[in-house]
>>> print(open('work_6.cif').read())   # mmCIF, C-alpha atoms
data_entry
#
loop_
_atom_site.label_atom_id
_atom_site.label_comp_id
_atom_site.auth_asym_id
_atom_site.auth_seq_id
_atom_site.Cartn_x
_atom_site.Cartn_y
_atom_site.Cartn_z
CA MET W 1 0.97 6.80 -18.71
CA SER W 2 -2.35 8.55 -18.74
CA SER W 3 -2.83 11.31 -16.19
CA VAL W 4 -6.58 11.73 -16.55
CA LEU W 5 -9.74 9.72 -16.50
CA HIS W 6 -11.24 9.35 -19.97
CA PRO W 7 -14.85 8.85 -21.07
CA ALA W 8 -15.62 5.20 -21.70
CA THR W 9 -16.94 4.18 -25.08
CA PRO W 10 -20.64 3.24 -24.76
CA GLY W 11 -21.15 -0.50 -25.08
CA GLN W 12 -17.46 -1.30 -24.63
CA ASP W 13 -16.95 -4.84 -23.34
CA ARG W 14 -15.90 -4.83 -19.68
CA GLN W 15 -14.52 -8.35 -20.06
CA ALA W 16 -12.14 -7.52 -22.91
CA PRO W 17 -8.48 -8.45 -22.26
CA SER W 18 -6.60 -5.71 -20.38
CA THR W 19 -3.34 -4.65 -21.95
CA ALA W 20 -1.21 -1.55 -21.59
CA GLY W 21 -2.33 1.22 -23.95
CA LYS W 22 -5.98 0.12 -24.06
CA TYR W 23 -8.79 1.76 -22.17
CA ARG W 24 -10.25 -0.23 -19.25
CA PRO W 25 -13.85 0.83 -18.60
CA ILE W 26 -14.64 1.66 -14.97
CA SER W 27 -18.20 2.73 -15.62
CA SER W 28 -20.29 3.92 -18.55
CA HIS W 29 -18.64 7.33 -18.14
CA LEU W 30 -15.05 6.65 -17.09
CA ALA W 31 -12.09 4.62 -18.33
CA ILE W 32 -8.35 4.48 -17.68
CA THR W 33 -5.30 3.55 -19.69
CA PRO W 34 -2.75 2.41 -17.06
CA PRO W 35 -3.00 -1.29 -16.14
CA VAL W 36 -3.74 -1.85 -12.45
CA SER W 37 -2.22 -4.73 -10.44
CA VAL W 38 -3.71 -5.75 -7.09
CA VAL W 39 -1.36 -7.47 -4.61
CA ILE W 40 -2.91 -9.69 -1.93
CA PRO W 41 -0.58 -11.26 0.65
CA ALA W 42 -2.28 -14.33 2.13
CA MET W 43 -1.57 -17.15 4.51
CA ASN W 44 -4.40 -19.56 5.35
CA GLU W 45 -7.12 -17.18 4.16
CA ALA W 46 -9.21 -19.64 2.11
CA GLU W 47 -12.39 -18.76 4.00
CA ASN W 48 -11.92 -15.02 3.54
CA LEU W 49 -10.90 -14.91 -0.12
CA PRO W 50 -14.48 -15.23 -1.48
CA TYR W 51 -15.37 -11.96 0.27
CA VAL W 52 -12.16 -10.29 -0.93
CA PHE W 53 -12.48 -11.30 -4.58
CA LYS W 54 -16.20 -10.53 -4.68
CA THR W 55 -15.50 -6.81 -4.26
CA LEU W 56 -12.60 -6.54 -6.72
CA PRO W 57 -13.57 -4.60 -9.85
CA ASP W 58 -13.42 -6.57 -13.10
CA TRP W 59 -11.48 -3.82 -14.90
CA ILE W 60 -8.23 -4.41 -13.01
CA HIS W 61 -5.34 -5.78 -15.06
CA GLU W 62 -4.16 -8.56 -12.76
CA VAL W 63 -4.40 -10.02 -9.28
CA VAL W 64 -1.14 -11.16 -7.66
CA LEU W 65 -1.68 -13.49 -4.70
CA VAL W 66 1.41 -13.99 -2.54
CA ASP W 67 0.99 -17.27 -0.71
CA GLY W 68 2.81 -17.45 2.62
CA ASN W 69 3.07 -21.25 2.63
CA SER W 70 -0.61 -21.79 3.41
CA THR W 71 -1.70 -25.15 4.79
CA ASP W 72 -5.32 -24.69 3.77
CA ALA W 73 -6.88 -24.28 0.30
CA THR W 74 -5.88 -20.63 -0.13
CA VAL W 75 -4.25 -21.10 -3.54
CA GLU W 76 -6.97 -23.42 -4.88
CA VAL W 77 -9.74 -21.06 -3.79
CA ALA W 78 -7.97 -18.06 -5.35
CA ARG W 79 -7.61 -19.84 -8.70
CA GLU W 80 -11.25 -20.88 -8.65
CA LEU W 81 -12.46 -17.37 -7.85
CA TRP W 82 -10.12 -15.55 -10.27
CA PRO W 83 -8.89 -17.99 -12.97
CA GLY W 84 -6.20 -15.61 -14.21
CA VAL W 85 -4.73 -14.96 -10.76
CA LYS W 86 -0.92 -14.89 -10.60
CA VAL W 87 0.15 -16.97 -7.60
CA VAL W 88 3.61 -16.28 -6.18
CA GLY W 89 5.09 -18.39 -3.39
CA GLN W 90 6.66 -16.45 -0.53
CA GLN W 91 10.17 -17.60 0.32
CA GLY W 92 10.63 -15.47 3.44
CA ARG W 93 8.34 -14.56 6.33
CA GLY W 94 6.27 -11.55 7.31
CA LYS W 95 3.87 -9.15 5.63
CA GLY W 96 6.61 -6.83 4.44
CA ASP W 97 8.44 -9.67 2.76
CA ALA W 98 5.19 -10.85 1.15
CA LEU W 99 4.40 -7.40 -0.24
CA ILE W 100 7.89 -6.90 -1.64
CA THR W 101 7.60 -10.30 -3.32
CA GLY W 102 4.24 -9.34 -4.78
CA PHE W 103 5.43 -5.93 -6.02
CA GLU W 104 8.26 -7.59 -7.93
CA ALA W 105 5.76 -9.87 -9.67
CA CYS W 106 3.44 -7.05 -10.80
CA SER W 107 3.28 -5.97 -14.43
CA GLY W 108 0.84 -3.07 -14.00
CA ASP W 109 1.75 0.63 -13.93
CA ILE W 110 -0.41 1.08 -10.82
CA ILE W 111 -0.11 -1.23 -7.81
CA VAL W 112 -2.80 -1.60 -5.14
CA MET W 113 -2.23 -3.32 -1.78
CA VAL W 114 -5.22 -5.22 -0.37
CA ASP W 115 -5.37 -7.41 2.74
CA ALA W 116 -6.75 -10.95 2.45
CA ASP W 117 -8.82 -10.96 5.63
CA GLY W 118 -11.93 -9.32 4.17
CA SER W 119 -11.40 -6.03 6.03
CA ALA W 120 -10.92 -3.98 2.85
CA ASP W 121 -13.61 -3.14 0.30
CA GLY W 122 -12.32 -3.60 -3.24
CA ASN W 123 -14.96 -1.18 -4.50
CA GLU W 124 -12.82 1.61 -3.04
CA ILE W 125 -10.02 0.88 -5.52
CA VAL W 126 -11.59 3.31 -7.99
CA SER W 127 -10.97 6.17 -5.52
CA TYR W 128 -7.31 5.25 -5.18
CA VAL W 129 -6.79 4.93 -8.92
CA SER W 130 -8.63 8.19 -9.57
CA ALA W 131 -6.26 10.00 -7.20
CA LEU W 132 -3.22 8.56 -8.97
CA VAL W 133 -4.30 9.33 -12.52
CA SER W 134 -5.23 12.82 -11.35
CA GLY W 135 -1.65 13.58 -10.30
CA ALA W 136 -0.80 11.83 -7.01
CA ASP W 137 2.20 9.49 -6.75
CA PHE W 138 0.95 7.63 -3.69
CA ALA W 139 -2.70 7.17 -2.67
CA LYS W 140 -2.76 6.41 1.04
CA GLY W 141 -5.82 4.90 2.67
CA SER W 142 -6.97 6.52 5.89
CA ARG W 143 -9.55 5.28 8.36
CA PHE W 144 -9.57 8.66 10.10
CA ALA W 145 -9.88 11.03 7.15
CA ASN W 146 -13.34 12.54 6.67
CA GLY W 147 -15.49 9.75 5.23
CA GLY W 148 -13.33 6.89 6.54
CA GLY W 149 -13.92 4.57 9.48
CA THR W 150 -13.01 1.33 11.20
CA ASP W 151 -14.85 -1.55 12.84
CA ASP W 152 -11.67 -3.30 13.89
CA MET W 153 -9.51 -1.20 16.18
CA THR W 154 -9.15 -1.48 19.94
CA PHE W 155 -8.62 1.55 22.14
CA VAL W 156 -4.94 0.63 22.62
CA ARG W 157 -4.32 0.30 18.88
CA ARG W 158 -6.15 3.54 18.15
CA LEU W 159 -4.12 5.40 20.77
CA GLY W 160 -0.86 3.91 19.54
CA ASN W 161 -1.64 4.71 15.91
CA ARG W 162 -2.48 8.29 16.80
CA ALA W 163 0.72 8.77 18.81
CA LEU W 164 2.98 7.22 16.15
CA CYS W 165 1.24 9.22 13.43
CA ALA W 166 1.87 12.46 15.35
CA VAL W 167 5.58 11.59 15.66
CA VAL W 168 5.91 10.91 11.92
CA ASN W 169 4.08 14.11 11.03
CA ARG W 170 6.33 16.17 13.27
CA LYS W 171 9.64 14.53 12.43
CA PHE W 172 9.17 14.15 8.68
CA GLY W 173 6.84 17.02 7.79
CA ALA W 174 3.93 14.74 6.83
CA ARG W 175 0.22 15.45 7.27
CA TYR W 176 -1.13 11.96 7.78
CA THR W 177 -4.33 11.20 9.66
CA ASP W 178 -3.59 7.45 9.73
CA LEU W 179 -0.23 5.68 9.81
CA CYS W 180 -0.59 1.91 10.22
CA TYR W 181 -3.06 0.97 7.48
CA GLY W 182 -2.34 -1.46 4.68
CA TYR W 183 -4.77 -0.30 1.97
CA ASN W 184 -2.66 1.85 -0.36
CA ALA W 185 -1.96 2.35 -4.07
CA PHE W 186 0.91 3.88 -6.00
CA TRP W 187 2.59 4.20 -9.36
CA ARG W 188 5.10 1.41 -9.94
CA HIS W 189 7.96 3.89 -10.42
CA CYS W 190 7.66 4.86 -6.75
CA LEU W 191 9.31 1.57 -5.77
CA ASP W 192 12.62 2.83 -7.17
CA LYS W 193 12.52 5.79 -4.77
CA ILE W 194 11.42 4.14 -1.52
CA ASP W 195 13.56 0.96 -1.64
CA LEU W 196 11.63 -1.23 0.81
CA ASP W 197 13.75 -3.39 3.09
CA CYS W 198 11.64 -4.64 6.02
CA THR W 199 9.73 -7.86 6.58
CA GLY W 200 6.95 -7.25 9.12
CA PHE W 201 3.78 -5.24 9.65
CA GLU W 202 5.91 -2.10 9.93
CA VAL W 203 6.17 -2.06 6.13
CA GLU W 204 3.21 0.35 5.81
CA THR W 205 4.89 2.85 8.14
CA LEU W 206 8.17 2.54 6.25
CA MET W 207 6.39 3.23 2.96
CA ASN W 208 4.59 6.25 4.42
CA ILE W 209 7.83 7.74 5.71
CA ARG W 210 9.90 7.11 2.61
CA VAL W 211 7.38 8.54 0.14
CA VAL W 212 7.53 11.77 2.14
CA LYS W 213 11.34 11.70 2.29
CA ALA W 214 11.41 11.11 -1.47
CA GLY W 215 9.26 14.18 -2.08
CA LEU W 216 6.44 12.20 -3.69
CA LYS W 217 2.95 13.64 -3.88
CA VAL W 218 0.68 11.86 -1.39
CA GLN W 219 -3.11 11.98 -1.31
CA GLU W 220 -5.09 10.39 1.50
CA ILE W 221 -8.15 8.36 0.53
CA PRO W 222 -10.98 7.90 3.07
CA SER W 223 -11.38 4.16 3.62
CA HIS W 224 -13.55 1.98 5.83
CA GLU W 225 -11.94 -0.98 7.57
CA TYR W 226 -14.26 -3.88 8.32
CA LEU W 227 -13.85 -6.69 10.81
CA ARG W 228 -11.79 -9.70 9.80
CA ILE W 229 -14.36 -12.25 8.66
CA HIS W 230 -12.69 -15.53 9.64
CA GLY W 231 -9.59 -16.45 11.61
CA VAL W 232 -7.31 -14.47 13.90
CA SER W 233 -4.95 -11.69 12.88
CA ASN W 234 -1.19 -12.15 13.31
CA LEU W 235 -0.92 -8.49 14.34
CA ARG W 236 0.19 -7.91 17.94
CA ALA W 237 -0.34 -4.34 19.13
CA VAL W 238 2.61 -4.00 21.51
CA ARG W 239 5.13 -6.11 19.58
CA ASP W 240 4.36 -4.57 16.21
CA GLY W 241 3.97 -1.09 17.69
CA LEU W 242 7.55 -1.32 18.95
CA ARG W 243 8.71 -2.45 15.51
CA VAL W 244 6.99 0.58 13.98
CA LEU W 245 8.67 2.86 16.51
CA ARG W 246 12.08 1.37 15.68
CA VAL W 247 11.47 2.07 11.99
CA ILE W 248 10.57 5.69 12.77
CA LEU W 249 13.69 6.20 14.88
CA SER W 250 15.90 4.50 12.30
CA GLU W 251 14.55 6.62 9.44
CA ARG W 252 14.96 9.74 11.56
CA SER W 253 18.60 8.82 12.30
CA ASN W 254 19.26 8.20 8.62
CA ARG W 255 17.79 11.57 7.76
CA ARG W 256 20.06 13.32 10.26
CA ALA W 257 23.09 11.47 8.91
CA LEU W 258 22.26 12.57 5.38
CA ARG W 259 21.92 16.17 6.53
CA ARG W 260 25.27 16.06 8.35
CA GLY W 261 26.88 14.52 5.28
CA GLY W 262 25.43 17.26 3.09
CA ARG W 263 26.72 19.99 5.41
CA ARG W 264 30.21 18.46 5.49
CA ALA W 265 30.24 18.26 1.70
CA ARG W 266 29.27 21.94 1.39
CA MET W 267 31.96 22.95 3.88
CA LEU W 268 34.60 21.00 1.96
CA ASP W 269 33.50 22.57 -1.29
CA GLY W 270 33.74 26.00 0.32
CA ALA W 271 37.22 25.27 1.67
CA ARG W 272 38.43 24.10 -1.73
CA GLY W 273 37.07 27.29 -3.26
CA GLU W 274 39.00 29.44 -0.79
CA VAL W 275 42.24 27.55 -1.46
CA SER W 276 41.92 27.87 -5.17
#
>>> encode(input="work_6.cif", output="structure tokens")
Amino acid sequence: MSSVLHPATPGQDRQAPSTAGKYRPISSHLAITPPVSVVIPAMNEAENLPYVFKTLPDWIHEVVLVDGNSTDATVEVARELWPGVKVVGQQGRGKGDALITGFEACSGDIIVMVDADGSADGNEIVSYVSALVSGADFAKGSRFANGGGTDDMTFVRRLGNRALCAVVNRKFGARYTDLCYGYNAFWRHCLDKIDLDCTGFEVETLMNIRVVKAGLKVQEIPSHEYLRIHGVSNLRAVRDGLRVLRVILSERSNRRALRRGGRRARMLDGARGEVS
């Protein structure tokens, strides 16, 4: 995998087929080698998809749409907007389940998570990819890093996000400015180290905690969150905030158990050494 951005060849066709090992032009000055997959979990987002797909860069390798049993024209609209889109039907329920399903279907070396409600700007993907090819393992979007922002956060959600973020930073040694945000990108190999196993909106928090526990290099990317264009979000501040808190407490308990297990193992090794 390439670890740098390369100069693009002048006049290179931006519509040429994207395959691993070939340069994908980003601009007249930059190109990358790793293929980039974009995962979009969607359920009844037909009206929003035109805004989502309009901002996606044409140099990405593939778009994976995970359809959560939509009853509108979500799948048909996606195929019309992006003829090569890979549509995967979700068998379970919840955003976490949808993302895990989408990750398994990706063929790219880099995976980008994008919401289907029109709140994310696909033009920012270049910043995420640039961070990854420059050495980061996980590029984490932040609405509160310098240069970021949000048009879609109530006072209660902002306060809850800040409190939960402070807990994660203190308990796991992270330095996050934003915790519950779904615009992220990472190298595919990271999936083997974070082993996702949740189904709801708390999936972003679980990812953020486990990349830190795995010792992966994280770089925050300033991102602007826009208002959902059509429809109503399934996110519920109190309900999903409690689910996030349970994830934090569970991961903290697991960490303590691992530490105790490690100490016991060292003590046993020491005792065996004294006996011998």
>>> resolve_selection(input="work_6.cif", expression="the PyMOL selection byres ((chain W and resi 67) around 8)", output="PyMOL selection string")
chain W and resi 41-43+65-66+68-70+74-75+87-90+98
>>> resolve_selection(input="work_6.cif", expression="the PyMOL selection byres ((chain W and resi 79-84) around 8)", output="PyMOL selection string")
chain W and resi 50+53+62-63+75-78+85-86
>>> resolve_selection(input="work_6.cif", expression="the PyMOL selection byres ((chain W and resi 217-230) around 6)", output="mmCIF file with C-alpha atoms, in the frame of the given file")
data_model
loop_
_atom_site.group_PDB
_atom_site.id
_atom_site.type_symbol
_atom_site.label_atom_id
_atom_site.label_comp_id
_atom_site.auth_asym_id
_atom_site.auth_seq_id
_atom_site.Cartn_x
_atom_site.Cartn_y
_atom_site.Cartn_z
ATOM 1 C CA ASP W 117 -8.820 -10.960 5.630
ATOM 2 C CA GLY W 118 -11.930 -9.320 4.170
ATOM 3 C CA SER W 119 -11.400 -6.030 6.030
ATOM 4 C CA ALA W 120 -10.920 -3.980 2.850
ATOM 5 C CA ALA W 136 -0.800 11.830 -7.010
ATOM 6 C CA ASP W 137 2.200 9.490 -6.750
ATOM 7 C CA PHE W 138 0.950 7.630 -3.690
ATOM 8 C CA ALA W 139 -2.700 7.170 -2.670
ATOM 9 C CA LYS W 140 -2.760 6.410 1.040
ATOM 10 C CA GLY W 141 -5.820 4.900 2.670
ATOM 11 C CA SER W 142 -6.970 6.520 5.890
ATOM 12 C CA ARG W 143 -9.550 5.280 8.360
ATOM 13 C CA ALA W 145 -9.880 11.030 7.150
ATOM 14 C CA GLY W 147 -15.490 9.750 5.230
ATOM 15 C CA GLY W 148 -13.330 6.890 6.540
ATOM 16 C CA GLY W 149 -13.920 4.570 9.480
ATOM 17 C CA THR W 150 -13.010 1.330 11.200
ATOM 18 C CA ASP W 151 -14.850 -1.550 12.840
ATOM 19 C CA ASP W 152 -11.670 -3.300 13.890
ATOM 20 C CA LEU W 216 6.440 12.200 -3.690
ATOM 21 C CA GLY W 231 -9.590 -16.450 11.610
#
>>> closest_atom_pairs(input="work_6.cif", of="range 27-98 of chain W", to="range 194-205 of chain W", cutoff="9 Å", atoms="all atoms listed in the file", output="CSV")
residue,atom,partner,partner_atom,distance
W:Gly92,CA,W:Thr199,CA,8.3
W:Arg93,CA,W:Thr199,CA,6.8
W:Gly94,CA,W:Gly200,CA,4.7
W:Lys95,CA,W:Gly200,CA,5.0
W:Gly96,CA,W:Thr199,CA,3.9
W:Asp97,CA,W:Thr199,CA,4.4
W:Ala98,CA,W:Thr199,CA,7.7
>>> closest_atom_pairs(input="work_6.cif", of="range 22-91 of chain W", to="range 165-187 of chain W", cutoff="10 Å", atoms="only C-alpha atoms", output="CSV")
residue,atom,partner,partner_atom,distance
W:Pro34,CA,W:Trp187,CA,9.5
W:Val36,CA,W:Trp187,CA,9.3
W:Ser37,CA,W:Ala185,CA,9.5
W:Val38,CA,W:Ala185,CA,8.8
W:Val39,CA,W:Ala185,CA,9.9
>>> atom_distance(input="work_6.cif", atom1="CA of Tyr128 in chain W", atom2="CA of Ile26 in chain W")
12.7 Å
>>> atom_distance(input="work_6.cif", atom1="CA of Glu251 in chain W", atom2="CA of Leu99 in chain W")
19.8 Å
>>> atom_distance(input="work_6.cif", atom1="CA of Arg24 in chain W", atom2="CA of Ser127 in chain W")
15.2 Å
>>> closest_residue(input="work_6.cif", among="W:Glu104, W:Pro35, W:Leu249, W:Tyr51", to="Asp192 in chain W", atoms="all atoms listed in the file")
W:Glu104
>>> residues_around(input="work_6.cif", residues="Gly122 in chain W", least_positions_apart="4", cutoff="8 Å", atoms="only C-alpha atoms", output="PDB file with C-alpha atoms, in the frame of the given file")
ATOM      1  CA  VAL W  52     -12.160 -10.290  -0.930  1.00  0.00           C
ATOM      2  CA  PHE W  53     -12.480 -11.300  -4.580  1.00  0.00           C
ATOM      3  CA  THR W  55     -15.500  -6.810  -4.260  1.00  0.00           C
ATOM      4  CA  LEU W  56     -12.600  -6.540  -6.720  1.00  0.00           C
ATOM      5  CA  PRO W  57     -13.570  -4.600  -9.850  1.00  0.00           C
ATOM      6  CA  VAL W 114      -5.220  -5.220  -0.370  1.00  0.00           C
TER       7      VAL W 114
END
>>> closest_residue(input="work_6.cif", among="W:Val133, W:Leu159, W:Val212, W:Ala73", to="Leu49 in chain W", atoms="only C-alpha atoms")
W:Ala73
